[in-house]
file query37.txt (compact mmCIF, C-alpha atoms)
# COMPACT_ATOMS: atom_id res chain seq x y z
CA MET R 832 -4.50 -2.00 -8.72
CA ALA R 833 -1.22 -0.16 -9.25
CA ARG R 834 1.05 -1.45 -6.47
CA GLY R 835 3.25 1.05 -4.68
CA GLU R 836 1.41 4.19 -5.89
CA ILE R 837 -0.88 5.77 -3.30
CA TYR R 838 -3.61 8.23 -4.19
CA VAL R 839 -6.16 8.76 -1.45
CA GLY R 840 -8.91 9.47 -4.00
CA ASP R 841 -8.26 6.08 -5.64
CA LEU R 842 -8.30 4.36 -2.26
CA LEU R 843 -11.63 6.01 -1.41
CA SER R 844 -13.28 5.11 -4.71
CA GLU R 845 -11.98 1.52 -4.54
CA ALA R 846 -13.26 1.29 -0.98
CA TRP R 847 -16.67 2.57 -2.05
CA ALA R 848 -16.83 0.12 -4.98
CA ALA R 849 -15.94 -2.84 -2.72
CA PHE R 850 -18.44 -1.64 -0.11
CA SER R 851 -21.22 -1.31 -2.73
CA ARG R 852 -20.60 -4.89 -3.92
CA ASN R 853 -20.84 -6.26 -0.34
CA ALA R 854 -22.98 -3.62 1.41
CA GLY R 855 -25.16 -6.13 3.29
CA ALA R 856 -22.21 -8.08 4.68
CA PHE R 857 -20.32 -4.96 5.78
CA ILE R 858 -23.35 -3.28 7.40
CA GLY R 859 -24.19 -6.55 9.19
CA ALA R 860 -20.59 -6.94 10.35
CA THR R 861 -20.42 -3.38 11.71
CA ALA R 862 -23.76 -3.84 13.48
CA LEU R 863 -22.45 -7.09 15.06
CA ALA R 864 -19.32 -5.26 16.18
CA GLY R 865 -21.35 -2.42 17.71
CA ILE R 866 -23.80 -4.73 19.50
CA GLY R 867 -20.89 -6.73 20.94
CA LEU R 868 -19.14 -3.60 22.20
CA ILE R 869 -22.34 -2.38 23.88
CA ALA R 870 -22.80 -5.84 25.44
CA CYS R 871 -19.26 -5.66 26.86
CA ALA R 872 -19.81 -2.17 28.28
CA LEU R 873 -23.33 -2.59 29.74
CA PRO R 874 -22.44 -4.76 32.78
CA ALA R 875 -20.17 -1.93 33.97
CA VAL R 876 -22.01 1.16 32.73
CA VAL R 877 -25.40 0.33 34.31
CA PRO R 878 -24.21 -0.34 37.90
CA LEU R 879 -21.82 2.63 37.78
CA ALA R 880 -24.55 4.97 36.51
CA LEU R 881 -26.95 3.75 39.19
CA ALA R 882 -24.33 3.67 41.97
CA ASP R 883 -26.07 6.41 44.01
CA GLU R 884 -29.53 4.86 43.64
CA LEU R 885 -28.14 1.44 44.60
CA ASP R 886 -26.19 3.02 47.48
CA TRP R 887 -23.00 1.39 46.17
CA HIS R 888 -19.97 3.35 47.37
CA ASP R 889 -17.11 0.90 46.98
CA PRO R 890 -14.31 2.67 45.04
CA VAL R 891 -12.22 -0.49 44.60
CA GLY R 892 -15.22 -2.48 43.33
CA GLN R 893 -16.21 0.32 40.94
CA LEU R 894 -12.66 0.64 39.68
CA ALA R 895 -12.36 -3.15 39.17
CA LEU R 896 -15.68 -3.24 37.33
CA SER R 897 -14.77 -0.42 34.95
CA TRP R 898 -11.27 -1.88 34.47
CA GLY R 899 -12.70 -5.34 33.66
CA ALA R 900 -15.25 -3.93 31.23
CA GLY R 901 -12.51 -1.85 29.58
CA ALA R 902 -10.36 -4.96 29.11
CA ALA R 903 -13.29 -6.95 27.68
CA MET R 904 -14.07 -4.10 25.29
CA ALA R 905 -10.43 -3.85 24.22
CA VAL R 906 -10.25 -7.58 23.42
CA TYR R 907 -13.57 -7.51 21.53
CA ALA R 908 -12.58 -4.34 19.67
CA GLU R 909 -9.32 -6.01 18.60
CA LEU R 910 -11.23 -9.09 17.42
CA VAL R 911 -13.68 -7.11 15.29
CA THR R 912 -11.01 -4.72 13.97
CA LEU R 913 -8.90 -7.62 12.72
CA GLY R 914 -12.04 -9.35 11.42
CA LEU R 915 -13.14 -6.23 9.54
CA LEU R 916 -9.65 -5.86 8.04
CA ARG R 917 -9.71 -9.48 6.86
CA MET R 918 -13.18 -8.95 5.38
CA SER R 919 -11.99 -5.78 3.63
CA LEU R 920 -8.95 -7.54 2.15
CA ALA R 921 -11.15 -10.41 0.95
CA ALA R 922 -13.63 -7.95 -0.62
CA LEU R 923 -10.83 -6.04 -2.38
CA ARG R 924 -9.47 -9.35 -3.72
CA GLY R 925 -12.90 -10.16 -5.16
CA GLN R 926 -13.72 -12.94 -2.69
CA GLN R 927 -17.08 -13.58 -1.06
CA VAL R 928 -17.62 -12.09 2.41
CA ALA R 929 -20.32 -12.60 5.04
CA ALA R 930 -21.28 -10.54 8.10
CA GLY R 931 -20.19 -13.34 10.47
CA ASP R 932 -16.60 -13.13 9.17
CA VAL R 933 -16.05 -10.15 11.46
CA LEU R 934 -15.90 -12.54 14.45
CA ARG R 935 -13.62 -15.12 12.83
CA ALA R 936 -10.21 -13.55 13.51
CA THR R 937 -9.84 -15.39 16.84
CA ASP R 938 -6.52 -16.93 15.73
CA VAL R 939 -4.78 -13.54 15.62
CA VAL R 940 -6.32 -11.73 18.62
CA VAL R 941 -3.33 -12.38 20.92
CA PRO R 942 -0.61 -11.19 18.50
CA GLY R 943 -2.93 -8.33 17.48
CA LEU R 944 -3.36 -7.15 21.06
CA VAL R 945 0.32 -7.55 21.94
CA SER R 946 1.57 -5.78 18.82
CA GLY R 947 -0.92 -2.96 19.37
CA LEU R 948 0.24 -2.49 22.96
CA ILE R 949 3.93 -2.57 22.02
CA ALA R 950 3.39 -0.05 19.21
CA LYS R 951 1.34 2.18 21.51
CA ALA R 952 4.07 2.11 24.18
CA ILE R 953 6.77 3.05 21.64
CA ILE R 954 4.58 5.86 20.26
CA VAL R 955 4.04 7.25 23.79
CA PHE R 956 7.80 7.21 24.48
CA GLY R 957 8.38 8.79 21.07
CA MET R 958 5.85 11.53 21.81
CA LEU R 959 7.63 12.25 25.08
CA ALA R 960 10.85 12.69 23.07
CA CYS R 961 9.64 15.92 21.42
CA LEU R 962 6.69 14.54 19.43
CA ILE R 963 8.41 13.92 16.08
CA PRO R 964 9.79 10.38 16.80
CA GLY R 965 6.34 9.36 18.08
CA LEU R 966 4.58 10.67 14.98
CA LEU R 967 7.11 8.97 12.68
CA PHE R 968 6.72 5.66 14.48
CA ALA R 969 2.93 6.00 14.46
CA CYS R 970 3.04 6.23 10.64
CA SER R 971 5.59 3.39 10.39
CA SER R 972 3.59 1.01 12.57
CA ALA R 973 0.19 1.88 11.07
CA LEU R 974 0.06 -1.30 9.00
CA THR R 975 0.88 -3.66 11.88
CA ALA R 976 -2.72 -4.83 12.29
CA PRO R 977 -3.20 -5.73 8.60
CA PHE R 978 0.07 -7.70 8.67
CA VAL R 979 -1.15 -9.62 11.74
CA ALA R 980 -4.60 -10.20 10.23
CA ASP R 981 -3.49 -11.13 6.72
CA LYS R 982 -0.05 -12.76 7.04
CA ARG R 983 -0.58 -14.03 10.60
CA LEU R 984 2.76 -12.54 11.65
CA LEU R 985 3.83 -12.49 15.29
CA PRO R 986 3.89 -9.12 17.13
CA TRP R 987 7.47 -7.95 16.58
CA PRO R 988 7.83 -9.31 13.01
CA ALA R 989 4.53 -7.57 12.17
CA ILE R 990 5.84 -4.22 13.47
CA GLN R 991 9.08 -4.72 11.50
CA ALA R 992 7.14 -5.62 8.35
CA SER R 993 4.96 -2.52 8.77
CA ARG R 994 8.06 -0.33 9.17
CA ALA R 995 9.60 -1.83 6.04
CA ALA R 996 6.38 -1.33 4.05
CA ALA R 997 6.03 2.28 5.23
CA GLU R 998 9.57 3.23 4.23
CA GLU R 999 9.40 6.50 2.20
CA ARG R 1000 5.58 6.40 2.27
CA ARG R 1001 4.92 7.83 5.73
CA LEU R 1002 3.25 11.00 4.47
CA SER R 1003 0.85 9.08 2.21
CA ILE R 1004 0.04 6.75 5.12
CA ALA R 1005 -0.61 9.71 7.43
CA ILE R 1006 -2.90 11.38 4.86
CA THR R 1007 -4.82 8.13 4.25
CA PHE R 1008 -5.36 7.61 7.98
CA ILE R 1009 -6.45 11.23 8.47
CA VAL R 1010 -9.00 10.89 5.63
CA ALA R 1011 -10.23 7.55 7.04
CA TYR R 1012 -10.56 9.22 10.46
CA VAL R 1013 -12.56 12.10 8.96
CA VAL R 1014 -14.85 9.55 7.24
CA VAL R 1015 -15.50 7.87 10.60
CA ILE R 1016 -16.15 11.23 12.33
CA VAL R 1017 -18.64 12.23 9.62
CA GLY R 1018 -20.32 8.81 10.01
CA ALA R 1019 -20.53 9.21 13.76
CA ALA R 1020 -21.98 12.70 13.35
CA VAL R 1021 -24.97 11.24 11.47
CA LEU R 1022 -26.59 9.98 14.67
CA CYS R 1023 -24.00 7.16 14.81
CA VAL R 1024 -26.01 5.26 12.15
CA GLY R 1025 -23.58 6.56 9.58
CA LEU R 1026 -20.91 4.44 11.25
CA LEU R 1027 -22.48 1.38 9.61
CA VAL R 1028 -21.13 2.75 6.32
CA ALA R 1029 -18.20 4.86 7.54
CA ALA R 1030 -16.40 2.19 9.61
CA PRO R 1031 -16.26 -0.38 6.78
CA LEU R 1032 -15.20 2.39 4.36
CA ALA R 1033 -12.31 3.33 6.65
CA ALA R 1034 -11.31 -0.35 7.02
CA LEU R 1035 -11.46 -0.80 3.24
CA MET R 1036 -9.24 2.26 2.76
CA VAL R 1037 -6.64 0.88 5.19
CA ALA R 1038 -6.87 -2.53 3.52
CA GLY R 1039 -6.37 -0.91 0.11
CA LEU R 1040 -3.33 0.95 1.41
CA TYR R 1041 -1.90 -2.28 2.83
CA GLU R 1042 -2.60 -4.14 -0.42
CA ARG R 1043 -0.47 -1.58 -2.29
CA LEU R 1044 2.37 -1.51 0.22
CA TRP R 1045 2.91 -5.05 1.52
CA PRO R 1046 4.67 -6.44 -1.57
CA ARG R 1047 7.45 -3.84 -1.21
CA ALA R 1048 8.10 -4.73 2.45
CA ARG R 1049 11.47 -6.49 2.70
CA PRO R 1050 12.06 -6.50 6.44
CA GLU R 1051 15.39 -7.49 7.92
CA ALA R 1052 15.17 -10.06 10.69
CA MET M 566 7.95 -33.47 3.43
CA SER M 567 6.80 -32.39 6.84
CA ASP M 568 3.36 -33.24 8.17
CA ALA M 569 2.37 -29.61 7.64
CA SER M 570 2.92 -29.71 3.91
CA VAL M 571 1.48 -33.11 2.96
CA SER M 572 -1.62 -35.09 3.71
CA ASP M 573 -2.25 -38.81 3.31
CA ALA M 574 -4.64 -39.18 0.41
CA SER M 575 -5.82 -41.53 -2.26
CA VAL M 576 -4.08 -39.80 -5.15
CA THR M 577 -4.10 -41.16 -8.67
CA GLY M 578 -1.78 -40.46 -11.60
CA ASP M 579 2.02 -40.37 -11.59
CA CYS M 580 4.34 -39.55 -8.70
CA GLY M 581 5.64 -35.98 -8.84
CA TRP M 582 9.16 -37.14 -7.85
CA CYS M 583 9.90 -40.48 -9.60
CA ALA M 584 7.21 -40.16 -12.32
CA GLU M 585 6.11 -43.79 -11.71
CA PRO M 586 2.34 -44.48 -11.44
CA LEU M 587 0.94 -44.10 -7.93
CA GLY M 588 -1.66 -46.86 -8.33
CA GLY M 589 -1.80 -49.29 -5.44
CA ASP M 590 0.89 -47.63 -3.29
CA PRO M 591 0.05 -45.55 -0.24
CA ALA M 592 0.35 -41.97 -1.50
CA ARG M 593 0.79 -38.46 -0.10
CA ALA M 594 -0.59 -35.23 -1.56
CA CYS M 595 1.00 -31.79 -1.33
CA VAL M 596 -1.33 -29.38 0.48
CA GLY M 597 -0.09 -26.54 -1.73
CA CYS M 598 -0.90 -27.94 -5.20
CA ALA M 599 -2.38 -31.43 -4.55
CA ALA M 600 0.43 -33.15 -6.52
CA GLY M 601 0.75 -36.82 -5.53
CA TYR M 602 3.87 -38.62 -4.28
CA HIS M 603 4.79 -42.11 -3.09
CA ARG M 604 5.44 -42.01 0.64
CA ALA M 605 9.10 -42.89 0.14
CA CYS M 606 9.46 -40.29 -2.62
CA ALA M 607 7.91 -37.58 -0.44
CA ASP M 608 10.42 -38.35 2.31
CA GLN M 609 13.28 -38.42 -0.17
CA ALA M 610 12.26 -35.13 -1.87
CA GLY M 611 11.70 -33.20 1.33
CA ARG M 612 9.61 -30.70 -0.64
CA CYS M 613 7.02 -30.51 -3.39
CA ALA M 614 8.73 -30.85 -6.75
CA HIS M 615 6.05 -28.91 -8.65
CA ALA M 616 7.68 -25.68 -9.85
CA ALA M 617 4.65 -23.42 -9.30
CA CYS M 618 3.73 -24.85 -5.90
CA PRO M 619 3.77 -22.43 -2.94
CA GLN M 620 5.20 -25.29 -0.81
CA ALA M 621 8.15 -25.73 -3.17
CA ARG M 622 10.77 -24.93 -0.52
CA PRO M 623 12.14 -27.88 1.45
CA SER M 624 10.17 -28.58 4.57
CA HIS M 625 11.59 -31.82 5.90
CA PRO M 626 12.44 -31.51 9.59
CA ALA M 627 15.77 -33.30 9.04
CA TRP M 628 18.38 -33.06 6.31
CA THR M 629 17.39 -34.60 2.99
CA VAL M 630 19.69 -35.47 0.11
CA GLN M 631 18.65 -32.44 -1.93
CA ALA M 632 18.44 -30.04 1.00
CA ARG M 633 21.96 -31.00 2.11
CA ALA M 634 23.28 -30.46 -1.41
CA GLN M 635 21.82 -26.96 -1.58
CA ASP M 636 22.23 -25.97 2.07
CA TRP M 637 18.46 -25.67 2.43
CA LEU M 638 16.77 -26.40 5.71
CA LEU M 639 13.47 -25.35 7.24
CA LEU M 640 13.36 -25.48 11.02
CA ARG M 641 9.93 -25.22 12.54
CA ALA M 642 9.81 -23.51 15.92
CA PRO M 643 7.92 -25.16 18.75
CA ARG M 644 4.63 -23.38 19.37
CA PRO M 645 4.38 -21.60 22.74
CA ALA M 646 2.63 -23.59 25.44
CA ARG M 647 -1.11 -22.78 25.50
CA TRP M 648 -1.19 -22.38 29.31
CA LEU M 649 1.66 -19.87 29.17
CA ARG M 650 -0.09 -17.81 26.47
CA VAL M 651 -3.38 -17.80 28.39
CA LEU M 652 -1.69 -16.94 31.69
CA MET M 653 0.34 -14.10 30.22
CA LEU M 654 -2.63 -12.78 28.26
CA LEU M 655 -4.75 -12.67 31.40
CA ALA M 656 -1.93 -10.89 33.23
CA ALA M 657 -1.46 -8.39 30.38
CA LEU M 658 -5.19 -7.73 29.88
CA PRO M 659 -5.53 -4.96 32.49
CA LEU M 660 -3.21 -2.96 30.27
CA ALA M 661 -5.82 -2.98 27.51
CA GLY M 662 -8.70 -1.67 29.59
CA ARG M 663 -6.73 0.49 31.99
CA PRO M 664 -8.84 3.37 33.33
CA ASP M 665 -7.33 6.85 33.05
CA GLY M 666 -5.22 8.42 35.79
CA LYS M 667 -8.14 10.59 36.96
CA GLU M 668 -10.28 7.58 37.86
CA LEU M 669 -7.36 5.91 39.64
CA ALA M 670 -6.56 9.11 41.55
CA GLU M 671 -10.20 9.52 42.64
CA ALA M 672 -10.38 5.93 43.89
CA GLY M 673 -7.05 6.43 45.68
CA ARG M 674 -8.24 9.64 47.36
CA GLU M 675 -11.42 7.93 48.59
CA LEU M 676 -9.50 4.96 49.96
CA ILE M 677 -6.99 7.18 51.77
CA GLY M 678 -9.78 9.44 53.03
CA ALA M 679 -11.70 6.46 54.41
CA GLY M 680 -8.55 5.23 56.14
CA VAL M 681 -8.72 1.89 54.30
CA LEU M 682 -5.23 2.21 52.86
CA ASP M 683 -2.03 3.88 53.87
CA ARG M 684 -0.67 6.35 51.26
CA TRP M 685 2.50 4.36 50.59
CA LEU M 686 0.57 1.08 50.37
CA LEU M 687 -1.64 2.68 47.73
CA VAL M 688 1.36 3.94 45.75
CA SER M 689 2.91 0.48 45.89
CA ALA M 690 -0.37 -1.15 44.80
CA LEU M 691 -0.75 1.25 41.86
CA VAL M 692 2.86 0.76 40.77
CA SER M 693 2.53 -3.03 40.83
CA LEU M 694 -0.87 -2.86 39.12
CA THR M 695 0.74 -0.83 36.37
CA LEU M 696 4.01 -2.73 36.09
CA THR M 697 2.75 -6.32 36.32
CA PRO M 698 0.70 -6.18 33.09
CA TRP M 699 3.63 -4.56 31.26
CA VAL M 700 6.02 -7.27 32.41
CA ALA M 701 3.46 -9.94 31.47
CA MET M 702 3.02 -8.32 28.08
CA LEU M 703 6.76 -8.28 27.44
CA VAL M 704 7.02 -11.95 28.44
CA LEU M 705 4.08 -12.71 26.14
CA ALA M 706 5.70 -10.81 23.26
CA TRP M 707 8.96 -12.69 23.84
CA VAL M 708 7.16 -16.04 24.06
CA GLU M 709 5.23 -15.23 20.88
CA SER M 710 8.08 -13.82 18.81
CA ALA M 711 11.69 -13.93 19.74
CA ALA M 712 12.12 -17.57 20.60
CA HIS M 713 9.46 -19.11 18.41
CA ARG M 714 9.99 -18.15 14.79
CA ASP M 715 10.30 -20.62 11.93
CA VAL M 716 13.66 -20.30 10.18
CA LEU M 717 14.58 -21.33 6.65
CA ILE M 718 18.32 -21.62 6.02
CA ASP M 719 19.22 -21.26 2.36
CA ALA M 720 22.05 -20.10 0.13
CA HIS M 721 21.47 -16.41 0.96
CA GLY M 722 21.22 -16.67 4.72
CA LEU M 723 18.29 -17.02 7.11
CA LEU M 724 14.67 -16.39 6.19
CA LEU M 725 12.36 -15.94 9.18
CA ASP M 726 8.54 -16.24 9.33
CA HIS M 727 8.41 -17.45 5.71
CA SER M 728 5.08 -18.91 4.62
CA PRO M 729 3.30 -19.46 1.31
CA ALA M 730 1.60 -16.07 1.81
CA TRP M 731 4.54 -14.05 3.15
CA HIS M 732 8.07 -13.72 1.76
CA GLY M 733 9.53 -13.46 5.26
CA ALA M 734 12.25 -11.38 6.90
CA ARG M 735 15.75 -11.91 5.51
CA LEU M 736 19.09 -12.06 7.34
CA ASP M 737 21.98 -12.33 4.85
CA TRP M 738 25.10 -14.38 5.67
CA ARG M 739 27.24 -11.22 5.61
CA ARG M 740 25.03 -9.68 8.35
CA ILE M 741 25.58 -12.62 10.71
CA ALA M 742 28.55 -11.92 12.96
CA ALA M 743 28.54 -14.98 15.19
CA TYR M 744 26.40 -17.65 16.79
CA ARG M 745 25.95 -19.05 20.26
CA ILE M 746 24.25 -22.20 21.47
CA THR M 747 21.31 -21.68 23.81
CA GLY M 748 18.70 -23.90 25.42
CA GLY M 749 16.25 -23.48 22.55
CA GLY M 750 18.70 -23.85 19.66
CA VAL M 751 21.33 -21.70 17.98
CA ARG M 752 21.11 -17.92 18.43
CA VAL M 753 22.67 -15.73 15.76
CA VAL M 754 24.32 -12.41 16.56
CA VAL M 755 23.72 -9.72 13.96
CA ARG M 756 26.50 -7.34 12.92
CA GLY M 757 26.03 -3.85 14.43
CA ARG M 758 23.32 -4.98 16.85
CA PRO M 759 25.01 -5.89 20.16
CA TRP M 760 21.69 -6.65 21.86
CA THR M 761 21.24 -9.67 19.59
CA ARG M 762 23.78 -11.48 21.80
CA LEU M 763 20.84 -11.86 24.18
CA LEU M 764 17.80 -11.27 21.97
CA GLY M 765 18.93 -12.37 18.51
CA PRO M 766 16.91 -14.65 16.24
CA THR M 767 17.11 -18.25 17.42
CA ILE M 768 17.28 -21.18 15.03
CA PRO M 769 15.15 -23.84 16.75
CA CYS M 770 17.08 -27.13 16.73
CA GLU M 771 18.28 -29.81 19.12
CA GLY M 772 20.51 -32.87 19.10
CA ARG M 773 21.72 -34.11 15.74
CA LEU M 774 19.94 -31.29 13.92
CA GLN M 775 21.75 -28.69 16.07
CA HIS M 776 25.06 -30.30 15.15
CA ASP M 777 24.14 -30.03 11.45
CA VAL M 778 23.11 -26.38 11.82
CA VAL M 779 26.38 -25.52 13.59
CA GLU M 780 28.31 -27.35 10.88
CA LEU M 781 26.49 -25.34 8.22
CA LEU M 782 27.08 -22.00 10.01
CA GLU M 783 30.80 -22.74 10.36
CA ARG M 784 31.00 -23.74 6.71
CA ARG M 785 29.60 -20.26 5.98
CA GLY M 786 32.34 -18.65 8.08
CA VAL M 787 30.17 -17.76 11.09
CA ALA M 788 32.23 -18.06 14.27
CA ARG M 789 31.05 -19.38 17.61
CA LEU M 790 30.76 -16.55 20.12
CA ASP M 791 31.73 -18.42 23.27
CA ALA M 792 34.47 -20.56 21.66
call {"tool": "encode", "arguments": {"input": "query37.txt", "output": "structure tokens"}}
result
Amino acid sequence: MARGEIYVGDLLSEAWAAFSRNAGAFIGATALAGIGLIACALPAVVPLALADELDWHDPVGQLALSWGAGAAMAVYAELVTLGLLRMSLAALRGQQVAAGDVLRATDVVVPGLVSGLIAKAIIVFGMLACLIPGLLFACSSALTAPFVADKRLLPWPAIQASRAAAEERRLSIAITFIVAYVVVIVGAAVLCVGLLVAAPLAALMVAGLYERLWPRARPEA
Amino acid sequence: MSDASVSDASVTGDCGWCAEPLGGDPARACVGCAAGYHRACADQAGRCAHAACPQARPSHPAWTVQARAQDWLLLRAPRPARWLRVLMLLAALPLAGRPDGKELAEAGRELIGAGVLDRWLLVSALVSLTLTPWVAMLVLAWVESAAHRDVLIDAHGLLLDHSPAWHGARLDWRRIAAYRITGGGVRVVVRGRPWTRLLGPTIPCEGRLQHDVVELLERRGVARLDA
């Protein structure tokens, strides 16, 4: 793998090759992630959908239920995202992966959540300041999650490391993420079953991008 | 070597520090490369002596002969208290699953319409519901990062978050403007970043170790801020 050089076509073909070698593990992992997310949402979705039939008109209760389910889904989504990234990095490095690995990133869920929230807040403020600063920071902080998952960095050091890695590569990062997003949309369009292939492909593309960029990150403390 | 970098083990062969046979003596093995050391040699070395070992930097919690000679020192930060992490995470969680403004506004309208809540009470509740998780999240981020980062002091300056897998974030000696002593250790103030007087990287050390760190900083020409 040529470090530092980013060609989206290369990333996609590498991602496909790694996916083909470990297709069973990645499909199983994505299915586990999906089932878990549905399990987190169901306790809120069912009572809210049947609120009229159940004659349940308590706005505070309904709000609390949907808020709680949203929080549970956010935590679970963070867990499986970091797990999928770790799996993708392991697959790209030629290591063995198993479907259950997607749930093993429990040690980095807290820094992952906190760094994600901090980055999101800065992006929102940046967007309010005429869009451009927000877009620039979104590209700079795009590799925060891989740094948390792989190097086990704390929230702020992970954001700093991501910024250092993205230096002069923001456009390539933006293009890679747009292509990964399109892959996921196409997967979702195929009756959502396509997500079983598209989500791991997108994660493998991001992992490939990170694998090229992290060695050049020399963050200042 | 610190407890993190060695394990007690029945290692055979020669000691990686004094080259004498290990047979019969209680031995320690480096977790990075499995090289064996006599207990006394491991304490004396303060680091794994194997050139290719990822644990080759000094990791003794106190000064060792070699570390002192080369101005090398690794200071491990105390891990944040588990109860504090859990408490802050629970407080910050609503931020993650926050419903959109439309849902909140609808619930608010219904509550005001039903006469359950006064308008200003609702505004105050929403503001505190929004602000509390943000404050908790900032405290959590501070607890996780700012005050609890491992620091390696070497000839070039400070190296934060260094691990066998990550080359860390560097702060050169010329970038350090001053230092001040705080409750958790010695905080360094970075040139051109005035906010680091309050939020700068903290070298975790206490007692005798803090005295040694201060001595080292002053030897490098870093002045005390509140002197």
call {"tool": "interface_residues", "arguments": {"input": "query37.txt", "of": "chain R", "to": "chain M", "cutoff": "10 Å", "atoms": "all atoms listed in the file", "output": "mmCIF file with C-alpha atoms, in the coordinates of the input"}}
result
data_model
loop_
_atom_site.group_PDB
_atom_site.id
_atom_site.type_symbol
_atom_site.label_atom_id
_atom_site.label_comp_id
_atom_site.auth_asym_id
_atom_site.auth_seq_id
_atom_site.Cartn_x
_atom_site.Cartn_y
_atom_site.Cartn_z
ATOM 1 C CA HIS R 888 -19.970 3.350 47.370
ATOM 2 C CA ASP R 889 -17.110 0.900 46.980
ATOM 3 C CA PRO R 890 -14.310 2.670 45.040
ATOM 4 C CA VAL R 891 -12.220 -0.490 44.600
ATOM 5 C CA GLY R 892 -15.220 -2.480 43.330
ATOM 6 C CA GLN R 893 -16.210 0.320 40.940
ATOM 7 C CA LEU R 894 -12.660 0.640 39.680
ATOM 8 C CA ALA R 895 -12.360 -3.150 39.170
ATOM 9 C CA SER R 897 -14.770 -0.420 34.950
ATOM 10 C CA TRP R 898 -11.270 -1.880 34.470
ATOM 11 C CA GLY R 899 -12.700 -5.340 33.660
ATOM 12 C CA ALA R 900 -15.250 -3.930 31.230
ATOM 13 C CA GLY R 901 -12.510 -1.850 29.580
ATOM 14 C CA ALA R 902 -10.360 -4.960 29.110
ATOM 15 C CA ALA R 903 -13.290 -6.950 27.680
ATOM 16 C CA MET R 904 -14.070 -4.100 25.290
ATOM 17 C CA ALA R 905 -10.430 -3.850 24.220
ATOM 18 C CA VAL R 906 -10.250 -7.580 23.420
ATOM 19 C CA VAL R 941 -3.330 -12.380 20.920
ATOM 20 C CA PRO R 942 -0.610 -11.190 18.500
ATOM 21 C CA LEU R 944 -3.360 -7.150 21.060
ATOM 22 C CA VAL R 945 0.320 -7.550 21.940
ATOM 23 C CA SER R 946 1.570 -5.780 18.820
ATOM 24 C CA GLY R 947 -0.920 -2.960 19.370
ATOM 25 C CA LEU R 948 0.240 -2.490 22.960
ATOM 26 C CA ILE R 949 3.930 -2.570 22.020
ATOM 27 C CA ALA R 952 4.070 2.110 24.180
ATOM 28 C CA PHE R 978 0.070 -7.700 8.670
ATOM 29 C CA ASP R 981 -3.490 -11.130 6.720
ATOM 30 C CA LYS R 982 -0.050 -12.760 7.040
ATOM 31 C CA ARG R 983 -0.580 -14.030 10.600
ATOM 32 C CA LEU R 984 2.760 -12.540 11.650
ATOM 33 C CA LEU R 985 3.830 -12.490 15.290
ATOM 34 C CA PRO R 986 3.890 -9.120 17.130
ATOM 35 C CA TRP R 987 7.470 -7.950 16.580
ATOM 36 C CA PRO R 988 7.830 -9.310 13.010
ATOM 37 C CA ALA R 989 4.530 -7.570 12.170
ATOM 38 C CA GLN R 991 9.080 -4.720 11.500
ATOM 39 C CA ALA R 992 7.140 -5.620 8.350
ATOM 40 C CA ALA R 995 9.600 -1.830 6.040
ATOM 41 C CA TRP R 1045 2.910 -5.050 1.520
ATOM 42 C CA PRO R 1046 4.670 -6.440 -1.570
ATOM 43 C CA ALA R 1048 8.100 -4.730 2.450
ATOM 44 C CA ARG R 1049 11.470 -6.490 2.700
ATOM 45 C CA PRO R 1050 12.060 -6.500 6.440
ATOM 46 C CA GLU R 1051 15.390 -7.490 7.920
ATOM 47 C CA ALA R 1052 15.170 -10.060 10.690
#
call {"tool": "atom_distance", "arguments": {"input": "query37.txt", "atom1": "CA of Gly748 (chain M)", "atom2": "CA of Trp648 (chain M)"}}
result
20.3 Å
call {"tool": "atom_distance", "arguments": {"input": "query37.txt", "atom1": "CA of Ala742 (chain M)", "atom2": "CA of Glu783 (chain M)"}}
result
11.4 Å
call {"tool": "atom_distance", "arguments": {"input": "query37.txt", "atom1": "CA of Arg1001 (chain R)", "atom2": "CA of Ser971 (chain R)"}}
result
6.5 Å
call {"tool": "residues_around", "arguments": {"input": "query37.txt", "residues": "region 1012-1019 of chain R", "least_positions_apart": "5", "cutoff": "12 Å", "atoms": "all atoms listed in the file", "output": "list in words"}}
result
Leu843, Ala846, Trp847, Ala1005, Ile1006, Thr1007, Val1024, Gly1025, Leu1026, Leu1027, Val1028, Ala1029, Ala1030, Pro1031, Leu1032, Ala1033, Ala1034, Leu1035, Met1036 and Val1037 of chain R
call {"tool": "axis_aligned_box", "arguments": {"input": "query37.txt", "around": "region 872-877 of chain R", "padding_each_side": "6 Å", "output": "AutoDock Vina command-line options"}}
result
--center_x -22.6 --center_y -1.8 --center_z 31.3 --size_x 17.6 --size_y 17.9 --size_z 18.0
call {"tool": "residues_around", "arguments": {"input": "query37.txt", "residues": "region 997-999 of chain R", "least_positions_apart": "5", "cutoff": "8 Å", "atoms": "only C-alpha atoms", "output": "list of chain:residue names"}}
result
R:Cys970, R:Ser971, R:Ser972, R:Leu974, R:Ile1004, R:Leu1044, R:Ala1048
call {"tool": "residues_around", "arguments": {"input": "query37.txt", "residues": "region 925-939 of chain R", "least_positions_apart": "6", "cutoff": "8 Å", "atoms": "all atoms listed in the file", "output": "PyMOL selection string"}}
result
chain R and resi 853+855-860+863-864+910-915+917-918+979-980+983
